[in-house]
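Engineer: Dropping in start_35.pdb, which is PDB, C-alpha atoms:
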```
MODEL        1
ATOM      1  CA  MET R 257       0.000   0.000   0.000  1.00  0.00           C
ATOM      2  CA  SER R 258       1.416   3.407  -0.954  1.00  0.00           C
ATOM      3  CA  THR R 259       2.174   6.124   1.580  1.00  0.00           C
ATOM      4  CA  LYS R 260      -0.573   8.289   0.069  1.00  0.00           C
ATOM      5  CA  SER R 261      -3.103   5.450   0.443  1.00  0.00           C
ATOM      6  CA  GLN R 262      -2.145   4.914   4.070  1.00  0.00           C
ATOM      7  CA  LEU R 263      -2.446   8.623   4.897  1.00  0.00           C
ATOM      8  CA  LEU R 264      -5.701   8.965   2.975  1.00  0.00           C
ATOM      9  CA  LYS R 265      -7.281   5.982   4.706  1.00  0.00           C
ATOM     10  CA  GLY R 266      -6.943   7.760   8.031  1.00  0.00           C
ATOM     11  CA  ILE R 267      -8.374  11.128   7.001  1.00  0.00           C
ATOM     12  CA  LEU R 268     -10.941  10.350   4.288  1.00  0.00           C
ATOM     13  CA  GLU R 269     -13.639   9.512   6.850  1.00  0.00           C
ATOM     14  CA  GLY R 270     -13.407  13.023   8.312  1.00  0.00           C
ATOM     15  CA  CYS R 271     -13.474  14.632   4.877  1.00  0.00           C
ATOM     16  CA  ILE R 272     -16.608  12.682   3.938  1.00  0.00           C
ATOM     17  CA  LEU R 273     -18.324  13.612   7.193  1.00  0.00           C
ATOM     18  CA  ALA R 274     -17.417  17.288   6.593  1.00  0.00           C
ATOM     19  CA  ILE R 275     -19.027  17.216   3.130  1.00  0.00           C
ATOM     20  CA  ILE R 276     -22.167  15.511   4.420  1.00  0.00           C
ATOM     21  CA  GLU R 277     -22.357  18.003   7.294  1.00  0.00           C
ATOM     22  CA  LYS R 278     -22.839  20.840   4.801  1.00  0.00           C
ATOM     23  CA  GLU R 279     -25.642  19.131   2.879  1.00  0.00           C
ATOM     24  CA  ASP R 280     -27.240  15.741   2.300  1.00  0.00           C
ATOM     25  CA  VAL R 281     -25.552  14.061  -0.682  1.00  0.00           C
ATOM     26  CA  TYR R 282     -25.833  10.860  -2.695  1.00  0.00           C
ATOM     27  CA  GLY R 283     -22.821   8.701  -3.515  1.00  0.00           C
ATOM     28  CA  TYR R 284     -21.923  10.031  -6.959  1.00  0.00           C
ATOM     29  CA  GLU R 285     -22.418  13.617  -5.799  1.00  0.00           C
ATOM     30  CA  LEU R 286     -20.076  12.922  -2.879  1.00  0.00           C
ATOM     31  CA  MET R 287     -17.436  11.708  -5.345  1.00  0.00           C
ATOM     32  CA  GLN R 288     -17.805  14.923  -7.358  1.00  0.00           C
ATOM     33  CA  LYS R 289     -17.415  17.064  -4.253  1.00  0.00           C
ATOM     34  CA  LEU R 290     -14.294  15.163  -3.210  1.00  0.00           C
ATOM     35  CA  GLU R 291     -12.852  15.716  -6.699  1.00  0.00           C
ATOM     36  CA  GLN R 292     -13.669  19.445  -6.507  1.00  0.00           C
ATOM     37  CA  HIS R 293     -11.554  19.595  -3.348  1.00  0.00           C
ATOM     38  CA  GLY R 294      -8.600  17.866  -5.027  1.00  0.00           C
ATOM     39  CA  PHE R 295      -9.287  14.230  -4.144  1.00  0.00           C
ATOM     40  CA  THR R 296      -9.029  13.147  -7.783  1.00  0.00           C
ATOM     41  CA  PHE R 297      -7.146   9.986  -6.778  1.00  0.00           C
ATOM     42  CA  VAL R 298     -10.011   8.544  -4.686  1.00  0.00           C
ATOM     43  CA  SER R 299     -11.854   5.758  -6.483  1.00  0.00           C
ATOM     44  CA  GLU R 300     -15.592   5.236  -6.436  1.00  0.00           C
ATOM     45  CA  GLY R 301     -14.891   1.673  -5.331  1.00  0.00           C
ATOM     46  CA  SER R 302     -13.392   2.930  -2.077  1.00  0.00           C
ATOM     47  CA  ILE R 303     -16.196   5.395  -1.280  1.00  0.00           C
ATOM     48  CA  TYR R 304     -19.188   3.045  -1.150  1.00  0.00           C
ATOM     49  CA  PRO R 305     -17.645   0.573   1.339  1.00  0.00           C
ATOM     50  CA  LEU R 306     -16.685   3.546   3.505  1.00  0.00           C
ATOM     51  CA  LEU R 307     -20.263   4.886   3.363  1.00  0.00           C
ATOM     52  CA  LEU R 308     -21.523   1.463   4.460  1.00  0.00           C
ATOM     53  CA  ARG R 309     -19.070   1.400   7.347  1.00  0.00           C
ATOM     54  CA  LEU R 310     -20.058   4.924   8.427  1.00  0.00           C
ATOM     55  CA  GLN R 311     -23.689   3.800   8.398  1.00  0.00           C
ATOM     56  CA  LYS R 312     -22.911   0.699  10.490  1.00  0.00           C
ATOM     57  CA  GLU R 313     -21.113   2.946  12.981  1.00  0.00           C
ATOM     58  CA  LYS R 314     -24.228   5.161  13.009  1.00  0.00           C
ATOM     59  CA  LEU R 315     -22.245   8.253  11.959  1.00  0.00           C
ATOM     60  CA  ILE R 316     -24.444   8.765   8.897  1.00  0.00           C
ATOM     61  CA  GLN R 317     -27.856   7.591   7.760  1.00  0.00           C
ATOM     62  CA  GLY R 318     -29.060   6.878   4.264  1.00  0.00           C
ATOM     63  CA  GLU R 319     -32.498   7.635   2.883  1.00  0.00           C
ATOM     64  CA  MET R 320     -33.937   6.867  -0.539  1.00  0.00           C
ATOM     65  CA  ARG R 321     -35.360   9.951  -2.260  1.00  0.00           C
ATOM     66  CA  LYS R 322     -37.004  10.554  -5.612  1.00  0.00           C
ATOM     67  CA  SER R 323     -34.938  12.127  -8.347  1.00  0.00           C
ATOM     68  CA  ASP R 324     -36.256  14.551 -10.934  1.00  0.00           C
ATOM     69  CA  THR R 325     -33.889  13.173 -13.564  1.00  0.00           C
ATOM     70  CA  GLY R 326     -33.820   9.405 -13.059  1.00  0.00           C
ATOM     71  CA  PRO R 327     -34.071   6.606 -10.530  1.00  0.00           C
ATOM     72  CA  ASN R 328     -34.353   7.175  -6.787  1.00  0.00           C
ATOM     73  CA  ARG R 329     -31.105   8.038  -5.033  1.00  0.00           C
ATOM     74  CA  LYS R 330     -29.810   7.226  -1.586  1.00  0.00           C
ATOM     75  CA  TYR R 331     -28.972  10.469   0.193  1.00  0.00           C
ATOM     76  CA  TYR R 332     -26.696  10.454   3.218  1.00  0.00           C
ATOM     77  CA  PHE R 333     -26.924  12.787   6.208  1.00  0.00           C
ATOM     78  CA  LEU R 334     -25.090  13.091   9.529  1.00  0.00           C
ATOM     79  CA  THR R 335     -26.432  11.691  12.762  1.00  0.00           C
ATOM     80  CA  ASP R 336     -25.774  13.313  16.136  1.00  0.00           C
ATOM     81  CA  THR R 337     -23.033  10.731  16.681  1.00  0.00           C
ATOM     82  CA  GLY R 338     -21.542  11.720  13.309  1.00  0.00           C
ATOM     83  CA  ARG R 339     -21.483  15.392  14.338  1.00  0.00           C
ATOM     84  CA  CYS R 340     -19.669  14.553  17.576  1.00  0.00           C
ATOM     85  CA  THR R 341     -17.203  12.337  15.721  1.00  0.00           C
ATOM     86  CA  LEU R 342     -16.525  15.081  13.160  1.00  0.00           C
ATOM     87  CA  ALA R 343     -15.856  17.584  15.964  1.00  0.00           C
ATOM     88  CA  THR R 344     -13.344  15.146  17.475  1.00  0.00           C
ATOM     89  CA  ILE R 345     -11.682  14.547  14.090  1.00  0.00           C
ATOM     90  CA  ARG R 346     -11.330  18.312  13.576  1.00  0.00           C
ATOM     91  CA  LYS R 347      -9.774  18.778  17.028  1.00  0.00           C
ATOM     92  CA  ASP R 348      -7.400  15.849  16.511  1.00  0.00           C
ATOM     93  CA  TRP R 349      -6.433  17.101  13.032  1.00  0.00           C
ATOM     94  CA  VAL R 350      -5.400  20.505  14.392  1.00  0.00           C
ATOM     95  CA  GLU R 351      -3.336  18.865  17.135  1.00  0.00           C
ATOM     96  CA  ILE R 352      -1.595  16.528  14.688  1.00  0.00           C
ATOM     97  CA  SER R 353      -1.245  18.631  11.523  1.00  0.00           C
ATOM     98  CA  THR R 354       0.541  21.599  13.088  1.00  0.00           C
ATOM     99  CA  PRO R 355       3.555  19.714  14.475  1.00  0.00           C
ATOM    100  CA  VAL R 356       3.731  17.379  11.461  1.00  0.00           C
ATOM    101  CA  THR R 357       3.775  20.330   9.037  1.00  0.00           C
ATOM    102  CA  SER R 358       6.392  22.042  11.166  1.00  0.00           C
ATOM    103  CA  LEU R 359       8.665  18.993  11.133  1.00  0.00           C
ATOM    104  CA  LEU R 360       8.211  18.041   7.483  1.00  0.00           C
ATOM    105  CA  PHE R 361       8.811  21.540   6.125  1.00  0.00           C
ATOM    106  CA  GLN R 362      11.215  22.929   8.705  1.00  0.00           C
ATOM    107  CA  LYS R 363      14.348  24.525   7.261  1.00  0.00           C
ATOM    108  CA  GLY R 364      17.708  24.124   8.976  1.00  0.00           C
ATOM    109  CA  ASP R 365      18.511  22.606  12.363  1.00  0.00           C
ATOM    110  CA  ASP R 366      16.393  23.745  15.295  1.00  0.00           C
TER     111      ASP R 366
ENDMDL
END
```
Can I see the file as structure tokens?
Structural biologist:
Amino acid sequence: MSTKSQLLKGILEGCILAIIEKEDVYGYELMQKLEQHGFTFVSEGSIYPLLLRLQKEKLIQGEMRKSDTGPNRKYYFLTDTGRCTLATIRKDWVEISTPVTSLLFQKGDD
């Protein structure tokens, strides 16, 4: 498994929860939003299993809704547990990303 894949595996859950927090989305729409934010390397095949896992963990819920342009779609939205988990992920990210960025991009010997 590549370094990028290993890093992505740990943070993708939080990114998905952050997108769903803003608005209810269906799977393909979620993929588009990830791509708009630069996640062009994330495959559709990795998103759907993650959505299922997030549902099993009760972080999101899915609901079938009618579509104006085709078949019904399953829209995902955050649960209260998902909101709490996202808040924790955000807090943890700030605590981790600052020192990691400092070390990886530090110039000279300190």
Engineer: Give me the residues within 12 Å of range 332-344 of chain R as a PyMOL selection string, counting only C-alpha atoms and dropping any in the same chain fewer than 2 places off.
Structural biologist: chain R and resi 267-286+304+307-308+310-321+329-330+346-351
Engineer: So how many Å separate CA of Phe295 in chain R and CA of Gly266 in chain R, to one decimal?
Structural biologist: 14.0 Å
Engineer: Just to confirm, what's the straight-line distance from CA of Ile352 in chain R to CA of Lys289 in chain R in Å (one decimal)?
Structural biologist: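 Between CA of Ile352 in chain R and CA of Lys289 in chain R the gap works out to 24.7 Å.
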Engineer: Would you mind telling me which residue in R:Gln288, R:Gly294, R:Gln362, R:Leu306 lies nearest to Lys265 in chain R when using all atoms listed in the file?
Structural biologist: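 Ranking R:Gln288, R:Gly294, R:Gln362, R:Leu306 by distance to Lys265 in chain R, first place goes to R:Leu306.
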Engineer: If you measure from CA of Tyr331 in chain R to CA of Gln292 in chain R, what distance in Å do you get, rounded to one decimal?
Structural biologist: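 It comes out at 19.0 Å.
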Engineer: Mind filling out range 308-329 of chain R with N, CA, C and O atoms and sending it as a short mmCIF file (atom, residue, chain, number, x, y, z; two decimals), keeping the file's coordinate frame?
Structural biologist:
```
data_model
loop_
_atom_site.label_atom_id
_atom_site.label_comp_id
_atom_site.auth_asym_id
_atom_site.auth_seq_id
_atom_site.Cartn_x
_atom_site.Cartn_y
_atom_site.Cartn_z
N LEU R 308 -20.88 2.56 3.73
CA LEU R 308 -21.52 1.46 4.46
C LEU R 308 -20.98 1.34 5.88
O LEU R 308 -21.74 1.15 6.84
N ARG R 309 -19.68 1.48 6.02
CA ARG R 309 -19.07 1.40 7.35
C ARG R 309 -19.53 2.55 8.23
O ARG R 309 -19.85 2.37 9.41
N LEU R 310 -19.59 3.76 7.66
CA LEU R 310 -20.06 4.92 8.43
C LEU R 310 -21.51 4.74 8.87
O LEU R 310 -21.89 5.17 9.96
N GLN R 311 -22.31 4.09 8.02
CA GLN R 311 -23.69 3.80 8.40
C GLN R 311 -23.74 2.78 9.54
O GLN R 311 -24.51 2.95 10.49
N LYS R 312 -22.94 1.73 9.44
CA LYS R 312 -22.91 0.70 10.49
C LYS R 312 -22.48 1.30 11.82
O LYS R 312 -22.94 0.87 12.88
N GLU R 313 -21.58 2.28 11.77
CA GLU R 313 -21.11 2.95 12.98
C GLU R 313 -22.09 4.03 13.44
O GLU R 313 -21.83 4.71 14.43
N LYS R 314 -23.17 4.19 12.69
CA LYS R 314 -24.23 5.16 13.01
C LYS R 314 -23.74 6.61 13.00
O LYS R 314 -24.24 7.46 13.72
N LEU R 315 -22.74 6.89 12.13
CA LEU R 315 -22.24 8.25 11.96
C LEU R 315 -23.05 8.99 10.89
O LEU R 315 -23.14 10.21 10.92
N ILE R 316 -23.58 8.21 9.94
CA ILE R 316 -24.44 8.76 8.90
C ILE R 316 -25.66 7.86 8.75
O ILE R 316 -25.64 6.71 9.22
N GLN R 317 -26.68 8.39 8.11
CA GLN R 317 -27.86 7.59 7.76
C GLN R 317 -28.13 7.81 6.29
O GLN R 317 -27.84 8.87 5.74
N GLY R 318 -28.68 6.78 5.66
CA GLY R 318 -29.06 6.88 4.26
C GLY R 318 -30.56 6.83 4.11
O GLY R 318 -31.25 6.15 4.88
N GLU R 319 -31.06 7.56 3.12
CA GLU R 319 -32.50 7.64 2.88
C GLU R 319 -32.75 7.72 1.38
O GLU R 319 -32.16 8.56 0.71
N MET R 320 -33.60 6.84 0.88
CA MET R 320 -33.94 6.87 -0.54
C MET R 320 -34.87 8.05 -0.81
O MET R 320 -35.83 8.27 -0.07
N ARG R 321 -34.54 8.80 -1.86
CA ARG R 321 -35.36 9.95 -2.26
C ARG R 321 -35.57 9.92 -3.77
O ARG R 321 -34.73 9.46 -4.52
N LYS R 322 -36.70 10.47 -4.18
CA LYS R 322 -37.00 10.55 -5.61
C LYS R 322 -36.06 11.53 -6.28
O LYS R 322 -35.64 12.52 -5.69
N SER R 323 -35.77 11.25 -7.54
CA SER R 323 -34.94 12.13 -8.35
C SER R 323 -35.77 12.68 -9.49
O SER R 323 -36.58 11.96 -10.08
N ASP R 324 -35.55 13.93 -9.82
CA ASP R 324 -36.26 14.55 -10.93
C ASP R 324 -35.74 14.05 -12.28
O ASP R 324 -36.44 14.13 -13.29
N THR R 325 -34.53 13.51 -12.29
CA THR R 325 -33.89 13.17 -13.56
C THR R 325 -33.61 11.69 -13.76
O THR R 325 -32.92 11.33 -14.70
N GLY R 326 -34.11 10.83 -12.89
CA GLY R 326 -33.82 9.40 -13.06
C GLY R 326 -34.32 8.60 -11.89
O GLY R 326 -35.28 8.97 -11.22
N PRO R 327 -33.63 7.48 -11.62
CA PRO R 327 -34.07 6.61 -10.53
C PRO R 327 -33.87 7.27 -9.16
O PRO R 327 -33.14 8.25 -9.03
N ASN R 328 -34.52 6.69 -8.15
CA ASN R 328 -34.35 7.18 -6.79
C ASN R 328 -32.88 7.11 -6.41
O ASN R 328 -32.13 6.28 -6.92
N ARG R 329 -32.49 7.99 -5.50
CA ARG R 329 -31.10 8.04 -5.03
C ARG R 329 -31.07 7.92 -3.52
O ARG R 329 -31.96 8.39 -2.84
#
```
